[in-house]
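Encoded as structure tokens, the structure appears first; notes follow it.
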Amino acid sequence: MDTGNIAWMLTASALVLFMSPGLAMFYGGLVRQKNVLSILMQVFMCMGMVTLIWLVVGYSIAFAGVATDGEAAFSLGGWSILGDPAHYFFARGLPLDPTVGDLAAHEGLTFVFQMMFAIITPALIIGAFAERIKFSGFMLFTALWSIFVYPVVAHWVWGGGFIGSEIGALDFAGGTVIHINAGIAALVMAIVLGPRRGWPKRAMPPHSIVLTVLGAGILWFGWFGFNAGSAGSANLQAVNAFITTQVATGIAVLAWITMEWIRDGHPTTLGAATGAVAGLVAITPAAGFVGIQGAVAIGLIAGVVCYLAIQLKTRFRYDDSLDVVGVHFVGGLIGALLTGVFAVQVLGEPILGDAAVGGSLEQLGRQAAGAAIVIVYSFAFTFVIAKVVDWTVGLRVAEDDEVVGLDLSQHSESGYIYDEAEGGAVTSLVGGGSAGPASTTTGEANLGDSGGVTRSAED
Amino acid sequence: MDTGNIAWMLTASALVLFMSPGLAMFYGGLVRQKNVLSILMQVFMCMGMVTLIWLVVGYSIAFAGVATDGEAAFSLGGWSILGDPAHYFFARGLPLDPTVGDLAAHEGLTFVFQMMFAIITPALIIGAFAERIKFSGFMLFTALWSIFVYPVVAHWVWGGGFIGSEIGALDFAGGTVIHINAGIAALVMAIVLGPRRGWPKRAMPPHSIVLTVLGAGILWFGWFGFNAGSAGSANLQAVNAFITTQVATGIAVLAWITMEWIRDGHPTTLGAATGAVAGLVAITPAAGFVGIQGAVAIGLIAGVVCYLAIQLKTRFRYDDSLDVVGVHFVGGLIGALLTGVFAVQVLGEPILGDAAVGGSLEQLGRQAAGAAIVIVYSFAFTFVIAKVVDWTVGLRVAEDDEVVGLDLSQHSESGYIYDEAEGGAVTSLVGGGSAGPASTTTGEANLGDSGGVTRSAED
Amino acid sequence: MDTGNIAWMLTASALVLFMSPGLAMFYGGLVRQKNVLSILMQVFMCMGMVTLIWLVVGYSIAFAGVATDGEAAFSLGGWSILGDPAHYFFARGLPLDPTVGDLAAHEGLTFVFQMMFAIITPALIIGAFAERIKFSGFMLFTALWSIFVYPVVAHWVWGGGFIGSEIGALDFAGGTVIHINAGIAALVMAIVLGPRRGWPKRAMPPHSIVLTVLGAGILWFGWFGFNAGSAGSANLQAVNAFITTQVATGIAVLAWITMEWIRDGHPTTLGAATGAVAGLVAITPAAGFVGIQGAVAIGLIAGVVCYLAIQLKTRFRYDDSLDVVGVHFVGGLIGALLTGVFAVQVLGEPILGDAAVGGSLEQLGRQAAGAAIVIVYSFAFTFVIAKVVDWTVGLRVAEDDEVVGLDLSQHSESGYIYDEAEGGAVTSLVGGGSAGPASTTTGEANLGDSGGVTRSAED
Amino acid sequence: MKLITAIIKPHKLADVKDALQDVGVTGLTITEVRGFGRQRGHTEVYRGTEYQVDFVPKLRIEVVADTKDVDLVVRTLIESARTGSIGDGKLWVTDLDYVSRIRTGEVGSDAI
Amino acid sequence: MKLITAIIKPHKLADVKDALQDVGVTGLTITEVRGFGRQRGHTEVYRGTEYQVDFVPKLRIEVVADTKDVDLVVRTLIESARTGSIGDGKLWVTDLDYVSRIRTGEVGSDAI
Amino acid sequence: MKLITAIIKPHKLADVKDALQDVGVTGLTITEVRGFGRQRGHTEVYRGTEYQVDFVPKLRIEVVADTKDVDLVVRTLIESARTGSIGDGKLWVTDLDYVSRIRTGEVGSDAI
Ligand SMILES: Nc1ncnc2c1ncn2[C@@H]1O[C@H](COP(=O)(O)OP(=O)(O)O)[C@@H](O)[C@H]1O
Ligand SMILES: Nc1ncnc2c1ncn2[C@@H]1O[C@H](COP(=O)(O)OP(=O)(O)O)[C@@H](O)[C@H]1O
Ligand SMILES: Nc1ncnc2c1ncn2[C@@H]1O[C@H](COP(=O)(O)OP(=O)(O)O)[C@@H](O)[C@H]1O
């Protein structure tokens with residue numbers, strides 16, 4: 001790999017990692033104040049735990065097939081289904097060895113660039129079960145999902161598996177692998193966990209749209225690494241992916257706020273930020289394959305359709321708290337399908353016959369088939385994992401913990417301590433050094449009342 | 001284009017895009033809480049709307065002349081005045097075609113790198129009319145300005161137009177095109193809209209200097225893409241621009257807070273952040289042309305003079321709310337002129353005769369001429385556009401809307417909902433799904449009082 | 001230097017600069033609200049003042065020896081002790097000259113990349129004396145430290161000095177130069193300044209963990225520039241450093257929150273963010289030398305040991321307010337020593353005999369020797385500088401100023417003005433234009449009470 | 001005229017407001033307060049150091065009412081604010097010398 | 001001694017404070033509160049879902065005054081706080097048993 | 001029953017709370033307020049423009065107490081809140097018609 005390609009892929013990998021804190025801010029602003037840290041914490045757990053899982057088995061499952069001369073661990077009638085988990089077990093075989101020459105840097109960069117994708121995908125799901133999930137349940141769910149769902153789907157589409165190789169579905173930077181996959185898992189989780197206490201009757205407005213917009217800005221910035229980095233080199237396709245990403249996103253912002261202006265009477269800042277994410281999601285599978293005009297179309301459609309899609313949850317009564325389904329599933333699906341419509345031959349591989357611009361019905365079918373398989377697989381396996389977690393450590397916090405907020409009940413912390421009384425005089429140091437296995441929930445009255453004592457940090 | 005250059009220009013383009021959310025935070029922190037979202041929204045609108053405008057006609061107007069072998073749409077006595085808007089209309093002609101070979105990536109990168117400049121320039125103006133502009137007026141103003149002012153000036157200086165080619169004014173990364181241009185437009189807008197209700201008698205302190213400093217940090221970071229990216233390649237001039245950017249900015253921070261320490265008795269955090277921006281602005285036109293010593297001088301002068309310049313608004317009674325004139329116009333002018341003084345022959349093209357360090361009177365004259373032309377043009381056209389918008393959709397919100405704040409009155413949102421009472425029990429869901437063309441301003445009492453009913457969301 | 005290497009080093013330099021605002025947010029969130037701006041301000045001062053110091057003498061002291069064919073200003077028995085401060089005095093000799101060819105870009109990039117390191121190192125110390133240092137004292141301390149401590153140590157390890165060349169201690173990206181150095185300086189400052197009023201009895205919880213997590217995210221992102229940029233080129237070692245950075249950090253997050261879960265009963269968001277920084281610190285000296293397995297070990301040990309180390313301050317009664325010692329000194333030491341254990345021959349230079357994986361006892365000894373020398377030097381010189389500053393301008397604010405908070409007392413500002421009453425009606429404009437050398441501390445009653453008048457901005 | 005002041009749990013506000021509206025109360029004023037009482041607060045842990053937060057968030061509700069309505073308002077308020085668990089809060093009534101509506105200058109019963 | 005409490009529109013604070021100072025009031029205490037009354041709140045829309053915010057921001061002003069000054073303070077306060085539109089707020093007066101200045105322990109009129 | 005209200009300096013809260021607990025007070029309610037009085041505020045400077053902030057942060061403490069305990073509570077509160085410098089604040093006592101504990105409906109002395 002030449003230095004320019006290395007330079008770009010290092011940068012792109014850093015940018016994709018940066019998307020995770022960006023997502024944390026985006027989601028964090030959308031919840032109520034008492035749950036903001038739980039969101040940030042969960043995203044950081046993805047950054048920590050998935051790093052470990054990816055180097056132990058994830059990378060192997062997803063990519064061992066290709067690297068080992070096309071031999072997959074499991075294949076069905078010649079269709080590769082799984083990479084060999086033992087191949088790079090604990091990153092053992094990863095040839096970061098200068099004697100291997102050119103391959104080494106390339107493999108190392110693939111390993112780490114793809115790791116960043118593996119991190120952010122489960123992080124996207126967080127929006128669906130926000131404000132009510134048990135932290136231990138979240139940890140187990142995310143671990144299992146990052147072993148049994150994400151790398152498998154990544155293998156199918158990118159790692160030499162059958163969706164990419166046999167069915168021929170295109171997915172430039174993860175419309176199917178990431179957004180459809182996470183979006184459908186989000187739907188499952190929203191259904192399995194049930195709605196938040198009081199939803200939809202009680203208002204649960206975002207506690208800081210400022211934080212959300214900051215997050216959207218970081219996401220937009222990082223997404224250039226996500227999409228243009230998916231070219232794998234600093235080449236023309238990367239340039240194209242960069243441009244289409246910017247164009248689709250800008251157009252989606254306009255489309256979304258236009259819908260709001262017409263239907264709700266006011267264009268909103270939250271709408272602009274959400275529209276940006278919808279555009280980014282939708283262009284993801286297409287970025288390296290479509291031209292600027294295709295990007296305009298995809299951005300426009302994503303802005304309009306995702307806006308309409310997020311209204312569905314109130315109709316169908318699933319509390320997808322931060323609209324992961326409406327934005328990521330629907331946006332990802334739009335992008336996956338429209339890639340089949342707008343893919344241009346001259347970019348990347350010549351794919352769709354001889355038209356200079358335009359896709360084909362055939363390719364559209366391939367796209368739909370790829371998406372459908374992932375939807376079914378992700379739905380089923382996410383459901384099973386969710387149930388397993390629910391039966392073992394449990395998925396949902398106790399009602400009291402939900403009322404108090406996850407920050408206090410799960411993490412013994414407050415996101416903000418702005419007022420002097422709370423920050424200063426009211427609190428007092430209990431013990432120096434380690435606090436010991438304390439609990440916020442010991443139900444003892446501190447003034448010795450003999451009456452019934454219940455825990456009530458907020459009430 | 002080789003991979004290293006592509007890698008750098010992709011990175012630089014992403015960095016410049018990131019400056020827009022950075023600017024949103026910088027400006028957003030400076031307004032009162034009730035207007036923070038309106039700032040963020042307006043910046044996001046630039047990110048959306050200007051993307052569209054740039055691909056439809058902006059890029060053509062600015063750069064068609066060069067790309068089409070130097071033929072401009074309009075020229076006056078051999079001086080190129082305008083690129084041909086039809087040339088790349090709707091990005092049609094943009095040769096993102098691998099068969100074109102090397103040119104393609106270069107052209108694509110120019111298109112998108114320059115798009116990021118076209119986005120942030122009108123976003124800078126937002127500071128002048130903050131806290132009182134009507135959202136629809138803002139949209140129309142920004143659209144017109146991004147068609148009739150920005151690309152025209154860009155053409156003159158960078159696109160083969162007469163200021164760059166005939167007059168020979170130097171503008172490395174946009175001192176004239178961006179900062180003088182936006183700064184003078186800001187002055188016009190501040191005058192046309194008139195001061196905020198209560199200004200200058202009533203205090204309007206920044207609601208979050210923390211947010212502003214975060215924004216300044218992002219701007220500083222992104223500005224390396226802005227300035228070092230303006231070299232167009234990963235070459236020595238880019239390295240030089242990077243170093244001079246860092247040096248001038250650091251010095252300007254010191255200069256600004258020293259002025260404050262002497263004159264106000266306290267060095268302030270807001271001063272440090274503002275000084276950084278002043279330094280960044282001033283070094284912009286010079287970054288690739290001057291050496292480290294020149295950068296020190298420019299940073300020093302910018303810090304001192306911009307500090308003094310922002311005091312002028314209270315004297316001349318124009319409410320340039322966030323000091324766009326004092327920082328961007330004055331900083332840009334300082335940089336543009338001093339480029340003529342400190343430009344060094346050995347960097348980039350040999351420009352100023354044979355002196356190893358130093359400019360020339362002649363070049364200073366060229367710089368002044370270039371700046372003067374842009375000042376006159378931008379002043380006049382911004383004024384005309386402002387008046388047109390004012391007469392049609394209107395520029396300024398009603399007094400009530402201003403008192404309530406633009407977040408609620410223009411966007412039906414609140415930036416922060418920190419307290420439990422507001423976030424929880426006090427609000428209640430009105431309707432599921434789309435809210436319908438509602439209005440925050442229906443003046444009906446909810447308890448059936450028969451007395452005079454007026455709208456009063458804040459009072 | 002080829003374009004790919006330039007592209008990467010420009011990017012890396014920008015990323016390292018971005019770490020400073022990131023650190024400002026990380027630290028800023030940890031203090032009480034009344035001191036948040038003082039933290040941000042101090043970090044910005046490092047960004048300003050150290051830029052100046054570095055170009056005047058810092059770079060010369062640190063690196064003149066190597067660049068001038070190995071001649072140091074001072075050497076002791078052939079061991080290079082100091083670069084010649086006059087060599088690049090005021091950046092004069094810096095050959096940013098295209099005629100010099102390849103050398104020029106490389107030298108310029110070294111100059112500016114290393115400048116970013118020189119900026120963030122004293123910024124790290126800020127955490128130790130937070131919430132009580134006088135601004136003028138901080139300025140003088142940081143200036144002296146950036147002349148007499150940082151560049152000297154940098155010379156010893158990286159600039160051709162004896163620790164790197166004769167003793168042979170490895171320090172890839174600054175475990176010894178930066179983290180041990182700043183960490184020990186932090187210990188000195190915590191002791192010299194004494195604890196904050198009320199510590200440890202009175203609670204001083206972080207005012208915004210959200211801000212801290214945002215800062216941690218920016219740090220993580222920027223650290224890729226820090227570590228992978230320390231390879232100096234876009235090569236395999238950079239790729240390796242990037243991967244090990246990600247791996248160690250992710251593991252450290254997990255290790256830290258596991259410790260919390262076991263010992264305190266709750267895994268916390270602040271713990272996750274702190275664990276990330278501990279991991280980043282510990283991998284820094286090792287990043288280019290160890291493999292993925294080594295990174296796992298280092299991350300794990302750093303997470304556990306740093307968690308335990310931050311509990312020490314309450315036992316030994318020094319108020320290292322934001323845990324610089326526990327995280328940076330201890331983390332840096334762990335990394336420095338473990339580099340001697342886990343360094344792998346095949347990466348970078350073949351260093352440790354013939355083992356494919358593993359260090360050697362000998363190298364461990366070299367690492368320990370290098371660290372010990374820096375500890376002694378930094379301790380002694382920081383102490384002397386601290387005392388000099390204390391005797392001259394003073395280090396600690398008056399008790400009243402501490403109670404009021406540094407934002408108001410040192411900078412006449414408030415970090416946040418969220419409520420209408422404070423932001424609006426309560427304040428009133430005193431004077432247009434420059435405020436004059438005012439003071440917040442004039443102790444005059446504004447209602448003409450004849451009784452004893454004291455200053456009391458907060459009480 | 002009387003002033004009825006109640007300290008309640010924040011999440012009961014909606015219930016209280018609705019109940020009061022139902023019995024004809026047309027106005028009230030709320031304040032965010034923190035209470036210290038039999039209900040214990042909670043602990044927070046920052047980097048291994050544990051803090052005890054003794055005060056719990058409460059809302060103060062103030063209703064100015066005609067003397068003849070006081071009983072009804074008090075009863076309604078107590079019933080709607082009650083959860084039965086510790087920390088439900090207190091209610092007290094003060095006598096007022098004088099009440100006025102600022103907009104019109106009306107006084108006494110007409111002012112509320 | 002009497003306690004005068006007024007709920008006013010936040011943006012009238014400066015006027016009220018100035019007016020009270022002019023008639024010799026040397027101290028007062030303000031609290032941020034939210035009021036529910038004839039003045040309706042506003043709606044907010046988040047991703048197409050509309051919320052009604054019933055409470056509007058108000059300020060409570062408290063002035064302890066000598067019985068003989070109450071009339072003047074009340075009149076001044078009402079006049080300076082009035083805008084004439086709905087939501088101007090209420091004012092009420094309570095009798096105090098005892099007033100003291102904490103710093104000196106002075107009681108009664110001397111304490112204010 | 002009496003209501004004791006005190007405006008104090010925020011950093012004295014811990015002392016006041018401890019002192020009151022020592023004399024048997026089992027509950028109190030605090031509110032963040034801003035006071036205007038003899039103690040001057042501070043100035044802030046933003047980009048060279050200076051603002052005067054007239055109000056200083058204070059805490060209001062409210063304690064409902066049995067009439068027979070009022071003297072003790074008042075004395076304790078004043079002593080523990082005193083720093084001796086300007087701005088220590090005020091304290092006043094109001095008579096209450098009625099006090100009730102919401103949880104149980106107990107009234108009078110039993111309610112506190
Ligand atoms: N003596 C008191 N004076 C003022 N407020 C009180 C008093 N006692 C309790 N409170 C308020 O009532 C709230 C509830 O009191 P608490 O003792 O916790 O429960 P309960 O009222 O159910 O016995 C407290 O948080 C505090 O705000
Ligand atoms: N009965 C009441 N008790 C306590 N506060 C009240 C009462 N009625 C109104 N208020 C307060 O007065 C404010 C203004 O009342 P509102 O009915 O909106 O207008 P107006 O006083 O002009 O008739 C309310 O927001 C509320 O804070
Ligand atoms: N007449 C008053 N009515 C209500 N509150 C008052 C009054 N006078 C003072 N206060 C409150 O008491 C606080 C302290 O008063 P101040 O005059 O500054 O000091 P001191 O009480 O020591 O004389 C003020 O900030 C204000 O909150």
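Residues in the structure tokens are named by chain (A, B, ... in the order shown) and by number from 1 within that chain; ligands are numbered from 1 in the order shown.
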
Write as a PDB file with N, CA and C atoms, in the first residue's frame the residues around ligand 1, taking 8 Å as the cut-off and counting only C-alpha atoms and all ligand atoms.
```
ATOM      1  N   ILE D   7     -45.743  21.104  49.531  1.00  0.00           N
ATOM      2  CA  ILE D   7     -44.506  20.541  48.991  1.00  0.00           C
ATOM      3  C   ILE D   7     -44.854  19.148  48.493  1.00  0.00           C
ATOM      4  N   ILE D   8     -44.678  18.884  47.203  1.00  0.00           N
ATOM      5  CA  ILE D   8     -45.109  17.576  46.675  1.00  0.00           C
ATOM      6  C   ILE D   8     -43.978  16.910  45.894  1.00  0.00           C
ATOM      7  N   VAL D  33     -37.991  23.073  44.371  1.00  0.00           N
ATOM      8  CA  VAL D  33     -37.318  23.181  45.673  1.00  0.00           C
ATOM      9  C   VAL D  33     -36.649  21.838  45.974  1.00  0.00           C
ATOM     10  N   ARG D  34     -35.910  21.822  47.050  1.00  0.00           N
ATOM     11  CA  ARG D  34     -35.328  20.556  47.510  1.00  0.00           C
ATOM     12  C   ARG D  34     -35.706  20.352  48.970  1.00  0.00           C
ATOM     13  N   GLY D  35     -36.073  19.136  49.263  1.00  0.00           N
ATOM     14  CA  GLY D  35     -36.543  18.894  50.612  1.00  0.00           C
ATOM     15  C   GLY D  35     -35.641  17.943  51.373  1.00  0.00           C
ATOM     16  N   PHE D  36     -35.653  18.147  52.674  1.00  0.00           N
ATOM     17  CA  PHE D  36     -34.911  17.290  53.576  1.00  0.00           C
ATOM     18  C   PHE D  36     -35.930  16.786  54.584  1.00  0.00           C
ATOM     19  N   GLY D  37     -35.975  15.472  54.779  1.00  0.00           N
ATOM     20  CA  GLY D  37     -36.998  14.964  55.694  1.00  0.00           C
ATOM     21  C   GLY D  37     -36.748  13.502  55.974  1.00  0.00           C
ATOM     22  N   ARG D  38     -37.812  12.801  56.242  1.00  0.00           N
ATOM     23  CA  ARG D  38     -37.665  11.379  56.547  1.00  0.00           C
ATOM     24  C   ARG D  38     -37.183  10.598  55.330  1.00  0.00           C
ATOM     25  N   GLN D  39     -37.645  11.023  54.152  1.00  0.00           N
ATOM     26  CA  GLN D  39     -37.214  10.356  52.934  1.00  0.00           C
ATOM     27  C   GLN D  39     -35.727  10.608  52.726  1.00  0.00           C
ATOM     28  N   ARG D  40     -34.946   9.540  52.634  1.00  0.00           N
ATOM     29  CA  ARG D  40     -33.511   9.775  52.471  1.00  0.00           C
ATOM     30  C   ARG D  40     -33.199  10.147  51.021  1.00  0.00           C
ATOM     31  N   PHE D  55     -30.703  16.003  50.058  1.00  0.00           N
ATOM     32  CA  PHE D  55     -31.930  16.669  49.648  1.00  0.00           C
ATOM     33  C   PHE D  55     -32.524  16.003  48.425  1.00  0.00           C
ATOM     34  N   VAL D  56     -33.832  15.933  48.395  1.00  0.00           N
ATOM     35  CA  VAL D  56     -34.511  15.350  47.238  1.00  0.00           C
ATOM     36  C   VAL D  56     -35.330  16.428  46.531  1.00  0.00           C
ATOM     37  N   PRO D  57     -35.405  16.340  45.216  1.00  0.00           N
ATOM     38  CA  PRO D  57     -36.167  17.339  44.461  1.00  0.00           C
ATOM     39  C   PRO D  57     -37.659  17.279  44.814  1.00  0.00           C
ATOM     40  N   LYS D  58     -38.216  18.413  45.043  1.00  0.00           N
ATOM     41  CA  LYS D  58     -39.649  18.539  45.314  1.00  0.00           C
ATOM     42  C   LYS D  58     -40.174  19.728  44.522  1.00  0.00           C
ATOM     43  N   GLY D  84     -48.643   7.681  49.184  1.00  0.00           N
ATOM     44  CA  GLY D  84     -48.633   6.777  50.315  1.00  0.00           C
ATOM     45  C   GLY D  84     -47.252   6.387  50.788  1.00  0.00           C
ATOM     46  N   SER D  85     -46.247   6.774  50.056  1.00  0.00           N
ATOM     47  CA  SER D  85     -44.899   6.416  50.499  1.00  0.00           C
ATOM     48  C   SER D  85     -44.211   7.657  51.079  1.00  0.00           C
ATOM     49  N   ILE D  86     -43.197   7.400  51.858  1.00  0.00           N
ATOM     50  CA  ILE D  86     -42.484   8.472  52.550  1.00  0.00           C
ATOM     51  C   ILE D  86     -42.035   9.555  51.583  1.00  0.00           C
ATOM     52  N   GLY D  87     -42.165  10.805  51.993  1.00  0.00           N
ATOM     53  CA  GLY D  87     -41.704  11.895  51.147  1.00  0.00           C
ATOM     54  C   GLY D  87     -42.811  12.544  50.352  1.00  0.00           C
ATOM     55  N   ASP D  88     -44.040  12.199  50.632  1.00  0.00           N
ATOM     56  CA  ASP D  88     -45.159  12.806  49.906  1.00  0.00           C
ATOM     57  C   ASP D  88     -45.256  14.307  50.153  1.00  0.00           C
ATOM     58  N   GLY D  89     -44.726  14.739  51.305  1.00  0.00           N
ATOM     59  CA  GLY D  89     -44.638  16.167  51.513  1.00  0.00           C
ATOM     60  C   GLY D  89     -45.621  16.739  52.524  1.00  0.00           C
ATOM     61  N   LYS D  90     -45.575  18.058  52.633  1.00  0.00           N
ATOM     62  CA  LYS D  90     -46.378  18.786  53.609  1.00  0.00           C
ATOM     63  C   LYS D  90     -47.288  19.776  52.910  1.00  0.00           C
TER      64      LYS D  90
ATOM     65  N   LEU F   3     -44.349  29.078  60.489  1.00  0.00           N
ATOM     66  CA  LEU F   3     -43.412  28.857  59.388  1.00  0.00           C
ATOM     67  C   LEU F   3     -42.241  29.818  59.564  1.00  0.00           C
ATOM     68  N   VAL F  25     -34.956  19.374  64.618  1.00  0.00           N
ATOM     69  CA  VAL F  25     -35.738  19.645  63.414  1.00  0.00           C
ATOM     70  C   VAL F  25     -35.563  18.471  62.465  1.00  0.00           C
ATOM     71  N   THR F  26     -36.668  17.901  62.011  1.00  0.00           N
ATOM     72  CA  THR F  26     -36.564  16.698  61.190  1.00  0.00           C
ATOM     73  C   THR F  26     -36.845  16.940  59.720  1.00  0.00           C
ATOM     74  N   GLY F  27     -37.204  18.161  59.380  1.00  0.00           N
ATOM     75  CA  GLY F  27     -37.477  18.400  57.970  1.00  0.00           C
ATOM     76  C   GLY F  27     -37.320  19.860  57.621  1.00  0.00           C
ATOM     77  N   LEU F  28     -36.965  20.146  56.394  1.00  0.00           N
ATOM     78  CA  LEU F  28     -36.932  21.531  55.923  1.00  0.00           C
ATOM     79  C   LEU F  28     -36.928  21.510  54.405  1.00  0.00           C
ATOM     80  N   THR F  29     -37.215  22.658  53.847  1.00  0.00           N
ATOM     81  CA  THR F  29     -37.295  22.786  52.401  1.00  0.00           C
ATOM     82  C   THR F  29     -36.439  23.968  51.968  1.00  0.00           C
ATOM     83  N   ILE F  30     -35.638  23.775  50.921  1.00  0.00           N
ATOM     84  CA  ILE F  30     -34.798  24.889  50.473  1.00  0.00           C
ATOM     85  C   ILE F  30     -35.110  25.270  49.030  1.00  0.00           C
ATOM     86  N   GLU F  62     -36.989  26.987  54.610  1.00  0.00           N
ATOM     87  CA  GLU F  62     -38.293  27.052  55.269  1.00  0.00           C
ATOM     88  C   GLU F  62     -38.432  25.888  56.238  1.00  0.00           C
ATOM     89  N   VAL F  63     -38.820  26.213  57.430  1.00  0.00           N
ATOM     90  CA  VAL F  63     -39.051  25.182  58.443  1.00  0.00           C
ATOM     91  C   VAL F  63     -40.424  25.423  59.067  1.00  0.00           C
ATOM     92  N   VAL F  64     -41.229  24.403  59.037  1.00  0.00           N
ATOM     93  CA  VAL F  64     -42.501  24.458  59.769  1.00  0.00           C
ATOM     94  C   VAL F  64     -42.229  23.911  61.161  1.00  0.00           C
ATOM     95  N   ALA F  65     -42.623  24.662  62.155  1.00  0.00           N
ATOM     96  CA  ALA F  65     -42.311  24.208  63.518  1.00  0.00           C
ATOM     97  C   ALA F  65     -43.491  24.468  64.450  1.00  0.00           C
ATOM     98  N   ARG F 101     -49.597  16.523  56.896  1.00  0.00           N
ATOM     99  CA  ARG F 101     -48.664  15.658  56.188  1.00  0.00           C
ATOM    100  C   ARG F 101     -49.445  14.966  55.081  1.00  0.00           C
ATOM    101  N   ILE F 102     -49.011  15.134  53.850  1.00  0.00           N
ATOM    102  CA  ILE F 102     -49.791  14.633  52.720  1.00  0.00           C
ATOM    103  C   ILE F 102     -49.938  13.113  52.748  1.00  0.00           C
ATOM    104  N   ARG F 103     -48.869  12.425  53.125  1.00  0.00           N
ATOM    105  CA  ARG F 103     -48.882  10.967  53.089  1.00  0.00           C
ATOM    106  C   ARG F 103     -49.971  10.360  53.964  1.00  0.00           C
ATOM    107  N   THR F 104     -50.094  10.948  55.170  1.00  0.00           N
ATOM    108  CA  THR F 104     -50.998  10.344  56.150  1.00  0.00           C
ATOM    109  C   THR F 104     -52.240  11.169  56.421  1.00  0.00           C
ATOM    110  N   ALA F 111     -47.904  16.482  62.115  1.00  0.00           N
ATOM    111  CA  ALA F 111     -47.602  16.500  60.683  1.00  0.00           C
ATOM    112  C   ALA F 111     -46.143  16.859  60.394  1.00  0.00           C
ATOM    113  N   ILE F 112     -45.424  17.300  61.441  1.00  0.00           N
ATOM    114  CA  ILE F 112     -44.059  17.737  61.134  1.00  0.00           C
ATOM    115  C   ILE F 112     -42.971  16.831  61.708  1.00  0.00           C
TER     116      ILE F 112
END
```

Fill in: 7 Å contact set for Asp66 (chain D), only C-alpha atoms, chain neighbours under 3 positions out, as a PyMOL selection string
chain D and resi 1-2+69-70+109

Practice prompt. Find the residues around region 16-21 of chain E up to 8 Å (only C-alpha atoms counted), leave out those fewer than 5 positions away in its own chain, and share them as a PyMOL selection string.
Written response: chain E and resi 26+73+76-77+80-81

Worksheet item: Using only C-alpha atoms, which chain A residues lie at most 8 Å away from chain E, written as a PyMOL selection string?
Response: chain A and resi 203+205-206+260+264+268+270-271+310-311

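Of note, CA of Ile417 (chain A) and CA of Ser208 (chain C) are spaced 6.4 Å apart.
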
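Atom pair CA of Gly28 (chain B) / CA of Thr212 (chain A): separated by 13.2 Å.
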
Worksheet item: Would you list which chain A residues are within 6 Å of chain B using only C-alpha atoms, as a PyMOL selection string?
Response: chain A and resi 4-5+8+201-203+207-210+217+221+234+236+250-251+253-254+263-269+311+314

Worksheet, complete the sentence: Students should find that CA of Ala372 (chain C) and CA of Gly161 (chain C) are spaced 15.4 Å

Discussion item. List the spatial neighbours of Trp391 (chain B) as JSON, numbers by chain - criterion: any atom at most 12 Å away, only C-alpha atoms, same-chain residues fewer than 4 positions off excluded.
Written reply: {"B": [137, 140, 141, 192, 384, 385, 386, 387, 395, 396]}

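When only C-alpha atoms are used to measure the gap to chain E, the shortest distance among F:Val74, F:Asp22, F:Tyr98, F:Ala14 belongs to F:Val74.
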
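Remark: for Ala231 (chain C), the closest of the candidate residues C:Gly198, C:Gly275, C:Gly127, C:Gly174 is C:Gly174 (distances computed over only C-alpha atoms).
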